[in-house]
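Remarks on the structure that follows.
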Amino acid sequence: MSDPRLNSDGLGIAGVDEVGRGCLFGPVFAAAVVLSDQAAVHLQAAGLTDSKALSPSRRAALVPLIEAHAHAWGLGQSSARAIDHYGIRSATEQAMVCALQRLPSAPELVLVDGVLPLRLWEGSQRTIVRGDSSQAAIAAASVLAKEARDALIRRLSIRFPGYGLERHAGYGTAQHRAALLSSGPTPLHRHSFLRKLFATV
């Protein structure tokens, strides 16, 4: 799963990933994780892979393992308001940089999932398509970001009942769209997304 040349001990390589980019509600989250070779092997043996390929129970079980075995990790987020103001790409980059800045020191190399470079990061970086399936540090970041965001959305679902947030985490399901049409958006919905969504309805 992981190229050892990219995860050698002491090189200060961080994997970074985001979650919630396509949601209609709530913030976008990002995580940054630094793993040693030994930690990567241990986590892979425990089932670490892309968070989207894991069951909720498996993701939850991996979180304490990642936190215990990672050399360092950090979380960042950008609010729905920031997404509306700056656009989703810039807001996502802000969340990623925030996660990286919460590491104890700047990594020498950042591995970014996908094809788009992290424009706000001045250090060395490498984009990797499907990096969450091939790089342990990116996979670990995807798990931490997913679990942290889902936990927040579950708490917010109590504050904003009737939208089914606890079930779809803010994505544009049929239930969510129907609730928006009947009840309107909350202050934490991404209004720029809703304008595009309902302009096509």
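Letters A, B, ... go to the chains of the structure tokens in the order shown; residues in each chain start at 1; ligands are counted from 1 in the same order.
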
As a CSV table (one decimal) with N, CA and C atoms, in the first residue's frame, please: every residue in chain A that DSSP puts in strand (DSSP E or B).
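Written output follows (selection06.csv):
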chain,number,residue,atom,x,y,z
A,13,ILE,N,7.7,13.2,6.4
A,13,ILE,CA,6.7,13.2,5.3
A,13,ILE,C,5.3,13.2,5.9
A,14,ALA,N,4.5,14.1,5.5
A,14,ALA,CA,3.1,14.1,6.0
A,14,ALA,C,2.1,13.8,4.9
A,15,GLY,N,1.1,13.0,5.2
A,15,GLY,CA,0.0,12.8,4.2
A,15,GLY,C,-1.1,13.7,4.6
A,16,VAL,N,-1.8,14.3,3.7
A,16,VAL,CA,-2.9,15.1,4.0
A,16,VAL,C,-4.1,14.8,3.1
A,17,ASP,N,-5.3,14.8,3.7
A,17,ASP,CA,-6.5,14.5,2.9
A,17,ASP,C,-7.7,15.3,3.5
A,18,GLU,N,-8.7,15.4,2.7
A,18,GLU,CA,-9.9,16.2,3.1
A,18,GLU,C,-11.1,15.3,3.1
A,19,VAL,N,-12.2,15.7,3.7
A,19,VAL,CA,-13.5,15.0,3.7
A,19,VAL,C,-14.6,16.1,3.8
A,25,PHE,N,-23.9,20.8,3.6
A,25,PHE,CA,-24.0,21.3,5.0
A,25,PHE,C,-22.7,21.2,5.7
A,28,VAL,N,-15.8,21.7,5.7
A,28,VAL,CA,-14.9,20.7,5.2
A,28,VAL,C,-13.8,20.5,6.2
A,29,PHE,N,-13.4,19.2,6.3
A,29,PHE,CA,-12.4,18.9,7.3
A,29,PHE,C,-11.2,18.4,6.5
A,30,ALA,N,-10.0,18.5,7.2
A,30,ALA,CA,-8.8,17.9,6.7
A,30,ALA,C,-8.0,17.4,7.8
A,31,ALA,N,-7.1,16.4,7.5
A,31,ALA,CA,-6.2,15.9,8.5
A,31,ALA,C,-4.8,15.8,7.9
A,32,ALA,N,-3.8,15.9,8.7
A,32,ALA,CA,-2.4,15.6,8.3
A,32,ALA,C,-1.8,14.6,9.2
A,33,VAL,N,-1.1,13.6,8.7
A,33,VAL,CA,-0.6,12.6,9.5
A,33,VAL,C,0.9,12.3,9.1
A,34,VAL,N,1.8,12.1,10.0
A,34,VAL,CA,3.2,11.7,9.8
A,34,VAL,C,3.3,10.3,10.4
A,72,ALA,N,3.0,12.2,14.3
A,72,ALA,CA,2.3,13.4,14.6
A,72,ALA,C,1.0,13.4,13.7
A,73,TRP,N,0.0,14.2,14.2
A,73,TRP,CA,-1.2,14.3,13.4
A,73,TRP,C,-1.9,15.6,13.8
A,74,GLY,N,-2.6,16.2,12.9
A,74,GLY,CA,-3.4,17.4,13.1
A,74,GLY,C,-4.6,17.5,12.3
A,75,LEU,N,-5.6,18.2,12.8
A,75,LEU,CA,-6.9,18.4,12.1
A,75,LEU,C,-7.1,19.9,11.8
A,76,GLY,N,-7.8,20.2,10.7
A,76,GLY,CA,-8.2,21.5,10.3
A,76,GLY,C,-9.6,21.5,9.7
A,77,GLN,N,-10.2,22.6,9.7
A,77,GLN,CA,-11.5,22.7,9.1
A,77,GLN,C,-11.8,24.1,8.5
A,78,SER,N,-12.7,24.2,7.6
A,78,SER,CA,-13.1,25.5,7.1
A,78,SER,C,-14.6,25.5,7.1
A,109,LEU,N,8.2,17.1,3.3
A,109,LEU,CA,7.4,16.8,2.1
A,109,LEU,C,6.0,16.5,2.5
A,110,VAL,N,5.0,17.1,1.7
A,110,VAL,CA,3.6,16.8,1.9
A,110,VAL,C,3.1,16.0,0.8
A,111,LEU,N,2.4,14.9,1.1
A,111,LEU,CA,1.7,14.1,0.1
A,111,LEU,C,0.3,14.5,0.1
A,112,VAL,N,-0.2,15.0,-1.1
A,112,VAL,CA,-1.6,15.5,-1.2
A,112,VAL,C,-2.4,14.5,-2.0
A,113,ASP,N,-3.5,14.1,-1.5
A,113,ASP,CA,-4.4,13.2,-2.3
A,113,ASP,C,-5.0,13.9,-3.4
A,124,SER,N,7.7,21.7,0.0
A,124,SER,CA,7.7,20.7,-1.0
A,124,SER,C,6.4,19.9,-0.8
A,125,GLN,N,5.8,19.5,-2.0
A,125,GLN,CA,4.7,18.6,-1.9
A,125,GLN,C,4.6,17.8,-3.2
A,126,ARG,N,3.8,16.7,-3.1
A,126,ARG,CA,3.6,15.9,-4.3
A,126,ARG,C,2.1,15.4,-4.3
A,127,THR,N,1.5,15.6,-5.4
A,127,THR,CA,0.1,15.1,-5.5
A,127,THR,C,0.1,13.7,-6.0
A,128,ILE,N,-0.8,12.9,-5.4
A,128,ILE,CA,-0.9,11.5,-5.7
A,128,ILE,C,-2.4,11.1,-6.0
A,189,HIS,N,-25.7,25.6,6.4
A,189,HIS,CA,-25.7,25.1,5.0
A,189,HIS,C,-24.8,26.0,4.1

Spatial neighbours of A:Asp50, 10 Å, only C-alpha atoms, chain gap at least 5 places, as a compact mmCIF listing (two decimals) with N, CA, C and O atoms, in the first residue's frame:
# COMPACT_ATOMS: atom_id res chain seq x y z
N ARG A 59 -13.57 2.21 10.76
CA ARG A 59 -12.96 3.54 10.86
C ARG A 59 -12.82 3.97 12.31
O ARG A 59 -11.76 4.47 12.72
N ARG A 130 -5.49 8.98 -6.12
CA ARG A 130 -5.89 7.87 -5.26
C ARG A 130 -4.84 7.58 -4.20
O ARG A 130 -4.58 6.43 -3.83
N GLY A 131 -4.28 8.65 -3.69
CA GLY A 131 -3.26 8.50 -2.66
C GLY A 131 -3.78 7.87 -1.39
O GLY A 131 -3.02 7.24 -0.64
N ASP A 132 -5.10 8.03 -1.13
CA ASP A 132 -5.67 7.42 0.07
C ASP A 132 -5.73 5.90 -0.04
O ASP A 132 -5.96 5.21 0.96
N SER A 133 -5.52 5.36 -1.24
CA SER A 133 -5.47 3.91 -1.42
C SER A 133 -4.05 3.38 -1.54
O SER A 133 -3.84 2.17 -1.48
N SER A 134 -3.07 4.28 -1.72
CA SER A 134 -1.70 3.81 -1.96
C SER A 134 -0.70 4.28 -0.91
O SER A 134 0.39 3.72 -0.83
N GLN A 135 -1.04 5.30 -0.13
CA GLN A 135 -0.12 5.85 0.86
C GLN A 135 -0.75 5.79 2.25
O GLN A 135 -1.82 6.34 2.50
N ALA A 136 -0.06 5.12 3.16
CA ALA A 136 -0.61 4.92 4.50
C ALA A 136 -0.88 6.24 5.22
O ALA A 136 -1.89 6.38 5.92
N ILE A 138 -1.67 9.17 3.94
CA ILE A 138 -2.86 9.81 3.39
C ILE A 138 -4.11 9.05 3.84
O ILE A 138 -5.13 9.65 4.20
N ALA A 139 -4.05 7.72 3.82
CA ALA A 139 -5.18 6.92 4.29
C ALA A 139 -5.50 7.23 5.74
O ALA A 139 -6.68 7.38 6.12
N ALA A 140 -4.47 7.34 6.57
CA ALA A 140 -4.69 7.67 7.98
C ALA A 140 -5.32 9.05 8.12
O ALA A 140 -6.22 9.25 8.95
N ALA A 141 -4.87 10.00 7.30
CA ALA A 141 -5.46 11.34 7.33
C ALA A 141 -6.92 11.29 6.92
O ALA A 141 -7.77 11.97 7.52
N SER A 142 -7.25 10.48 5.93
CA SER A 142 -8.64 10.39 5.49
C SER A 142 -9.53 9.83 6.58
O SER A 142 -10.67 10.28 6.77
N VAL A 143 -9.02 8.85 7.34
CA VAL A 143 -9.79 8.26 8.43
C VAL A 143 -10.02 9.28 9.55
O VAL A 143 -11.14 9.44 10.04

Considering only C-alpha atoms, state which residue in the set A:Ala80, A:Leu144, A:Leu100, A:Leu65 is at the smallest distance from A:Gly170.
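Counting only C-alpha atoms, the residue closest to A:Gly170 is A:Ala80.
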
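Residue nearest A:Ala61 within the list A:Gly114, A:Gly47, A:Leu156, A:Thr173: A:Gly47 [criterion: smallest interatomic distance, only C-alpha atoms].
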
What is the distance between atom CA of A:Ala178 and atom CA of A:Ser79, in Å to one decimal?
23.2 Å

Near A:Leu180, within 12 Å and counting only C-alpha atoms, which residues show up once chain neighbours fewer than 2 positions away are dropped, as an MDAnalysis selection string?
chainID A and resid 24:25 160:165 170:178 182:186 189:191 194:195 197:198

Would you list, as an MDAnalysis selection string, the residues of stretch 30-167 of chain A that end up in helix (DSSP H, G or I) under DSSP run on this structure's backbone?
chainID A and resid 37:45 51:53 56:69 80:86 88:101 131:134 136:159 165:167

Proximity to A:Leu103 - best of A:Gly12, A:Gln44, A:Gly20, A:Arg81, only C-alpha atoms:
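Once distances to A:Leu103 are computed over only C-alpha atoms, the minimum belongs to A:Gly12.
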
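Closest approach to A:Pro187 from the set A:Gln101, A:Asp84, A:Pro56, A:Ala148 is made by A:Asp84, with distances taken over only C-alpha atoms.
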